[in-house]
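Have a look at the structure below before the remarks.
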Amino acid sequence: MQVTVKIKRFNPETDEAPHWETYHVPADPMDRVLDLLNYIKWHIDGTLTYRRSCAHGVCGSDAMRINGENKLACSVLVKDLGPEITIEPLPVLPVIKDLVVDMTSFFRKYEAVKPWLINDDPPPERERLQSPRDHALIEEATKCILCGACTQSCPSTWADPDYLGPAALLKAYRFVFDSRDQGTEERLRIVDSNQGLWKCYTIFNCVEACPKEIDVTRWISALKRRAVTARY
Amino acid sequence: MKWDLLFRYRMRPGMLAWLLHRISGLALVGYIVIHVYGLRALTDREQFNALIAGYHHPVFRILEIFLLAAVTYHALNGLRIVLIDFLGWSPKQKRLFWTLSGAAVLIIGLGAYPILRMFL
């Protein structure tokens, strides 16, 4: 089959504003969007710029807006999109070139929730054990690959660039509900704020966008309840 | 705010529910102003009756249907948000949205019928 791929192109060094380019690409229904991008770059226009690394939905490099919705280019098949495909960079992040965005703000928010294990007990001889039951609580949240699709899909992020966003809040959940972690108090101080938990209006764009099918809103809600009950 | 994104980003039930909640919420804030303004006349019997008579105008009748719609949707979706945030019903959010929207349409229809019948 032949697909029409419309890509939003922008080179800040030479262009004044972004513009659309259309490419006609031969494709198999089982091709991924990343295959289309590769075809364009390798056979039609070598200047097309995008990030990709593992190409198997693990590294989280190729999150972009595909047919109006944030997705991973390597995890979406042509058959699920139809013959006309529109590709744009992730919303509201500065564009470095074409589909490559500056993820600095995204990772600043990630760092803000202290995404590491906080435990002042002396390290045991072997690992810190966790029961399967305790692990089940956080298992889904540990699957985040930090692609940024969720945070950039959230209208709260569009309105307030300083909103921590679903990815960072999910990471906070992952450690607050980790039976081995002792940093709950300091993490709750960070997320229990107007630019944290309380700017989540349960819009669910993050859940729709997540390529790992994490129910982000569910865990943010659990963290909201934790933040409220911690005061009493 | 990147307003264009609200209309250009793919509209899924969750975002639609939130947008309608915002719009109906703002509409209700506007209504409260009109409502309280009307209550000012409560101190005078004649004035109050005149005001209420004014509200019988067809334009206000139609607006009343919109008021009913805003209150009904806002209340039912508010319940949906409570269930999601307090009881963790997040996995059921879409079914909740369609069910409660169906209930809202039913309630609005039942309430609008006697109002619209007056025009027949």
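Within each chain, counting starts at residue 1; across the structure tokens, chains are named A, B, ... in the order shown, with ligands numbered 1 upward in that order.
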Taking only C-alpha atoms into account, find every residue of chain A that has an atom no more than 9 Å from chain B, and write it out as a PyMOL selection string.
chain A and resi 65+67-70+91-92+153+155-161+201-205+208+215+217-222+224-225
Polymer residues at most 10 Å from His135 of chain A, only C-alpha atoms, same-chain spacing of 2 or more positions, as a VMD selection string
chain A and resid 129 to 133 137 to 140 142 174 177 to 180
Among segment 149-191 of chain A, which ones does DSSP assign to alpha helix (DSSP H) (computed from the backbone)? Answer as JSON, numbers by chain.
{"A": [155, 156, 157, 158, 159, 165, 166, 167, 168, 169, 170, 171, 172, 173, 174, 175, 176, 184, 185, 186, 187, 188, 189, 190, 191]}
For C-alpha atoms, I'd like the residues from the last selection saved as a short mmCIF file (atom, residue, chain, number, x, y, z; two decimals), in the first residue's frame.
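This went into out-v2.cif:
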```cif
data_model
loop_
_atom_site.label_atom_id
_atom_site.label_comp_id
_atom_site.auth_asym_id
_atom_site.auth_seq_id
_atom_site.Cartn_x
_atom_site.Cartn_y
_atom_site.Cartn_z
CA PRO A 155 -3.71 19.97 29.09
CA SER A 156 -2.43 20.94 32.55
CA THR A 157 1.11 20.90 31.12
CA TRP A 158 -0.04 22.94 28.10
CA ALA A 159 -1.45 25.55 30.48
CA GLY A 165 3.18 16.27 35.02
CA PRO A 166 2.10 12.62 34.93
CA ALA A 167 5.55 11.04 34.40
CA ALA A 168 7.13 12.72 37.44
CA LEU A 169 4.05 12.10 39.60
CA LEU A 170 4.01 8.45 38.55
CA LYS A 171 7.66 8.20 39.58
CA ALA A 172 6.81 9.78 42.93
CA TYR A 173 4.07 7.16 43.35
CA ARG A 174 6.54 4.41 42.46
CA PHE A 175 8.83 5.35 45.37
CA VAL A 176 6.22 6.51 47.90
CA THR A 184 7.70 9.51 51.63
CA GLU A 185 7.61 12.68 53.71
CA GLU A 186 10.05 14.67 51.61
CA ARG A 187 8.49 13.47 48.36
CA LEU A 188 4.96 14.31 49.50
CA ARG A 189 6.17 17.82 50.35
CA ILE A 190 7.12 18.22 46.70
CA VAL A 191 4.08 16.69 45.01
#
```
Residues of segment 14-232 of chain A in strand (DSSP E or B), written as a list in words:
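After running DSSP on the backbone, segment 14-232 of chain A has strand (DSSP E or B) at His19, Trp20, Glu21, Thr22, Tyr23, His24, Val25, Pro26, Arg32, Ala63, Met64, Arg65, Ile66, Glu69, Asn70, Lys71, Leu72, Leu77, Glu84, Ile85, Thr86, Ile87, Glu88, Val95, Ile96, Lys97, Val100 and Val101 of chain A.
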Extract, using only C-alpha atoms, all DNA, RNA and protein residues at most 12 Å from Cys54 of chain A, discarding same-chain residues fewer than 4 positions from it, and format them as an NGL selection string.
:A and (34 or 58-62 or 72-75 or 145)
Could you tell me how far atom CA of Leu68 of chain B lies from atom CA of Ile108 of chain B, in Å and to one decimal?
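Rounded to one decimal, the two atoms are 6.4 Å apart.
Between atom CA of Ile214 of chain A and atom CA of Cys150 of chain A lies a distance of 9.9 Å.
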Work out how far atom CA of Ala136 of chain A is from atom CA of Pro124 of chain A, in Å to one decimal.
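Taking atom CA of Pro124 of chain A as the start and atom CA of Ala136 of chain A as the end point, the length is 22.5 Å.
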At a cut-off of 12 Å, using only C-alpha atoms, what residues contact Met118 of chain B? Leave out same-chain residues fewer than 6 positions from it and give the result as a PyMOL selection string.
chain B and resi 56-58+61-62+112
Please save all heavy atoms of the selected residues as a short mmCIF file (atom, residue, chain, number, x, y, z; two decimals), in the first residue's frame.
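Output below, filename again30.cif:
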```cif
data_model
loop_
_atom_site.label_atom_id
_atom_site.label_comp_id
_atom_site.auth_asym_id
_atom_site.auth_seq_id
_atom_site.Cartn_x
_atom_site.Cartn_y
_atom_site.Cartn_z
N HIS B 56 -40.32 34.57 32.75
CA HIS B 56 -41.20 33.67 32.00
C HIS B 56 -41.07 33.87 30.50
O HIS B 56 -41.67 33.13 29.72
CB HIS B 56 -42.66 33.88 32.45
CG HIS B 56 -42.94 33.27 33.78
ND1 HIS B 56 -43.09 31.92 33.96
CD2 HIS B 56 -43.06 33.83 35.01
CE1 HIS B 56 -43.30 31.67 35.24
NE2 HIS B 56 -43.27 32.81 35.90
N HIS B 57 -40.30 34.86 30.10
CA HIS B 57 -40.07 35.12 28.68
C HIS B 57 -39.45 33.87 28.03
O HIS B 57 -38.62 33.20 28.65
CB HIS B 57 -39.13 36.32 28.53
CG HIS B 57 -39.01 36.80 27.12
ND1 HIS B 57 -38.11 36.26 26.26
CD2 HIS B 57 -39.69 37.75 26.43
CE1 HIS B 57 -38.23 36.86 25.08
NE2 HIS B 57 -39.19 37.79 25.17
N PRO B 58 -39.87 33.54 26.80
CA PRO B 58 -39.35 32.32 26.13
C PRO B 58 -37.82 32.22 26.13
O PRO B 58 -37.29 31.11 26.27
CB PRO B 58 -39.87 32.47 24.70
CG PRO B 58 -41.10 33.30 24.83
CD PRO B 58 -40.89 34.22 25.99
N ARG B 61 -36.87 30.72 29.24
CA ARG B 61 -37.31 29.31 29.27
C ARG B 61 -36.26 28.43 28.61
O ARG B 61 -35.90 27.37 29.13
CB ARG B 61 -38.64 29.16 28.49
CG ARG B 61 -39.77 29.91 29.12
CD ARG B 61 -40.43 29.01 30.12
NE ARG B 61 -41.53 29.70 30.77
CZ ARG B 61 -42.16 29.21 31.82
NH1 ARG B 61 -41.78 28.07 32.32
NH2 ARG B 61 -43.15 29.88 32.36
N ILE B 62 -35.81 28.89 27.45
CA ILE B 62 -34.80 28.10 26.73
C ILE B 62 -33.50 28.06 27.54
O ILE B 62 -32.86 27.02 27.69
CB ILE B 62 -34.54 28.71 25.32
CG1 ILE B 62 -35.82 28.67 24.48
CG2 ILE B 62 -33.40 27.99 24.63
CD1 ILE B 62 -36.35 27.29 24.16
N ALA B 112 -36.57 19.02 30.11
CA ALA B 112 -36.79 19.96 29.01
C ALA B 112 -38.18 19.78 28.39
O ALA B 112 -38.76 20.72 27.87
CB ALA B 112 -35.71 19.78 27.93
#
```
Hey, what's within 7 Å of segment 211-213 of chain A if we count only C-alpha atoms and toss same-chain stuff fewer than 2 positions away? As a ChimeraX atom specification, please?
/A:71-72,143-144,207,209,215
